[in-house]
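Take a look at the structure set out below.
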There are 2 protein chains.
Amino acid sequence: MQTDLALGCIAMSPAATQPRACAIADTLGIVGERWALLVVRELFWGVHRFSDIQRNTGAPRDVLSARLRSLVEAGIAEQRPYSERPPRSGYHLTRAGRDLAPVLMALYEWGDRHLPSDDERDQFPHGDHRLEPVIEVRCRECGDVVWRDGRPHRHA
Amino acid sequence: MQTDLALGCIAMSPAATQPRACAIADTLGIVGERWALLVVRELFWGVHRFSDIQRNTGAPRDVLSARLRSLVEAGIAEQRPYSERPPRSGYHLTRAGRDLAPVLMALYEWGDRHLPSDDERDQFPHGDHRLEPVIEVRCRECGDVVWRDGRPHRHA
DNA sequence: GTGTGTCGGTTTGATTTCCCAACCGAACTC
DNA sequence: GAGTTCGGTTGGGAAATCAAACCGACACAC
């Protein structure tokens, strides 16, 4: 099977009648709904309170409520109290949620490269400068670099 | 601002009343709708025909039609004829579309790590084995590794 | 030239989701 | 006790999604 990337798909049954079983689809089933990844972005950026997340994302409050619930249910976020009186709790990423960092970085890098914007956008800081992420993908098995700096890399 | 990652957000105006301007949000505005990234996945995997994409993703035909249109409009995909008689054309990724590879890899890697599945899933092949992507994020400015192998890396 | 089938869609009508605005209870502030 | 903040929930209308049917252009068999 020819692909655009020196990458392809293993073993699609020839006469498939079902949609693919695929980790990408499964992941999007969890974080693919509208607002979900923006909520994760806020948690990454240290925003934990319902109202702040609502303001920074622009999500309607009821939708935000539902998204937070499903993120907690999926083990991506968890609720932690930050005040006893009045009883208040904020949302925090779990390990699984933090593991979404590369997804956010990849989305960020693509937008930064392909969607130039007039007005100043919020950015990942890094020390005294902004973070301009460079993403590299390797194969754990053989160590080959599959993608580097906006280009596919082919293996021998 | 404290974050979960030694990363944070630069310069959120203190009394923000608008949602953030952010490259992540802008990117999701283009490829964040349902089915869009699964369509890109198919194009990556060398599937170019409407009916095949429909079958492999499971998207309703009318939605697929709309998504393909907006992907073309966004410069992510383009239509190329593959037959004169009957006049047929398939969809292919542009350079901007291929640049979504890290997004797909990141989603794939997260699902692979956090959503174990009983039934066999379609995978990226790599030579004679499957590709198990290892994603590394560095800062172009200073070269520091920000993320490697499922862990955040802090700069000095 | 008359079925039958393929391909790349569009149309139709029902269902689901999204969105906005209003409301609510508990607590705290004046 | 009046007003405010916080973390939501509850309507009701608008928009997106969905499944199934339909369509036109062509191919192929007979």
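We name chains A, B, ... following the order of the structure tokens; residues begin at 1 in each chain, and ligands are numbered from 1 as shown.
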Can you work out which residues from chain A touch chain D at a cut-off of 9 Å (counting only C-alpha atoms (C1' of nucleotides)) and hand them back as a PDB file with C-alpha atoms, in the first residue's frame?
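Final output, saved to out16.pdb:
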```
ATOM      1  CA  ARG A  49     -11.369  26.389  38.418  1.00  0.00           C
ATOM      2  CA  PHE A  50     -14.607  25.909  36.600  1.00  0.00           C
ATOM      3  CA  SER A  51     -15.254  29.590  35.987  1.00  0.00           C
ATOM      4  CA  ARG A  61     -21.164  26.184  31.096  1.00  0.00           C
ATOM      5  CA  ASP A  62     -23.353  23.136  30.641  1.00  0.00           C
ATOM      6  CA  SER A  65     -19.751  20.616  32.985  1.00  0.00           C
ATOM      7  CA  PRO A  86     -16.765  27.265  51.226  1.00  0.00           C
ATOM      8  CA  ARG A  88     -14.757  24.174  46.472  1.00  0.00           C
ATOM      9  CA  SER A  89     -12.781  21.881  44.249  1.00  0.00           C
TER      10      SER A  89
END
```
How close does chain C get to chain A? List, as JSON lines, each residue of chain C within 9 Å, its nearest atom pair and the distance in Å to one decimal, counting only C-alpha atoms (C1' of nucleotides).
```
{"residue": "C:DC18", "atom": "C1'", "partner": "A:Val63", "partner_atom": "CA", "distance": 7.7}
{"residue": "C:DC19", "atom": "C1'", "partner": "A:Pro60", "partner_atom": "CA", "distance": 6.6}
{"residue": "C:DC20", "atom": "C1'", "partner": "A:Pro60", "partner_atom": "CA", "distance": 7.8}
{"residue": "C:DA26", "atom": "C1'", "partner": "A:Pro86", "partner_atom": "CA", "distance": 7.7}
{"residue": "C:DA27", "atom": "C1'", "partner": "A:Pro86", "partner_atom": "CA", "distance": 5.4}
{"residue": "C:DC28", "atom": "C1'", "partner": "A:Pro86", "partner_atom": "CA", "distance": 7.9}
```
Using C-alpha atoms (C1' of nucleotides), can you export the residues from the last selection as a tab-separated table (two decimals), in the first residue's frame?
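Output saved as again-v6.tsv:
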```
chain	number	residue	atom	x	y	z
C	18	DC	C1'	-24.73	22.52	21.18
C	19	DC	C1'	-25.66	26.95	22.80
C	20	DC	C1'	-27.47	30.76	25.53
C	26	DA	C1'	-24.27	27.34	49.71
C	27	DA	C1'	-21.18	30.34	51.58
C	28	DC	C1'	-18.91	34.79	52.20
```
Legend entry - Length of the atom CA of Ser117 of chain A to atom CA of Ala74 of chain B vector [Å]: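 Between atom CA of Ser117 of chain A and atom CA of Ala74 of chain B the gap works out to 14.8 Å.
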Inset, instruction - For chain B, report every residue with an atom at most 6 Å from chain A (counting only C-alpha atoms), formatted as a ChimeraX atom specification. - result: /B:2-4,8-10,19-24,27,44-46,55-58,102-103,106-108,111-112,121-125,131-140
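As for atom CA of Ala77 of chain B and atom CA of Tyr91 of chain B, they are spaced 6.3 Å apart.
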Inset, instruction - Step one, run DSSP on the backbone; step two, keep only residues of chain A assigned to strand (DSSP E or B); then write them as a VMD selection string. - result: chain A and resid 22 77 to 83 88 to 93 122 125 to 126 129 to 130 133 to 139 145 to 148 151 to 152
Inset, instruction - Based on DSSP run over this structure's backbone, return all residues of chain B in helix (DSSP H, G or I), as a PyMOL selection string. - result: chain B and resi 23-31+36-44+50-57+61-73+95-98+101-114
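Separating atom CA of Val39 of chain B from atom CA of Tyr82 of chain B is a distance of 18.6 Å.
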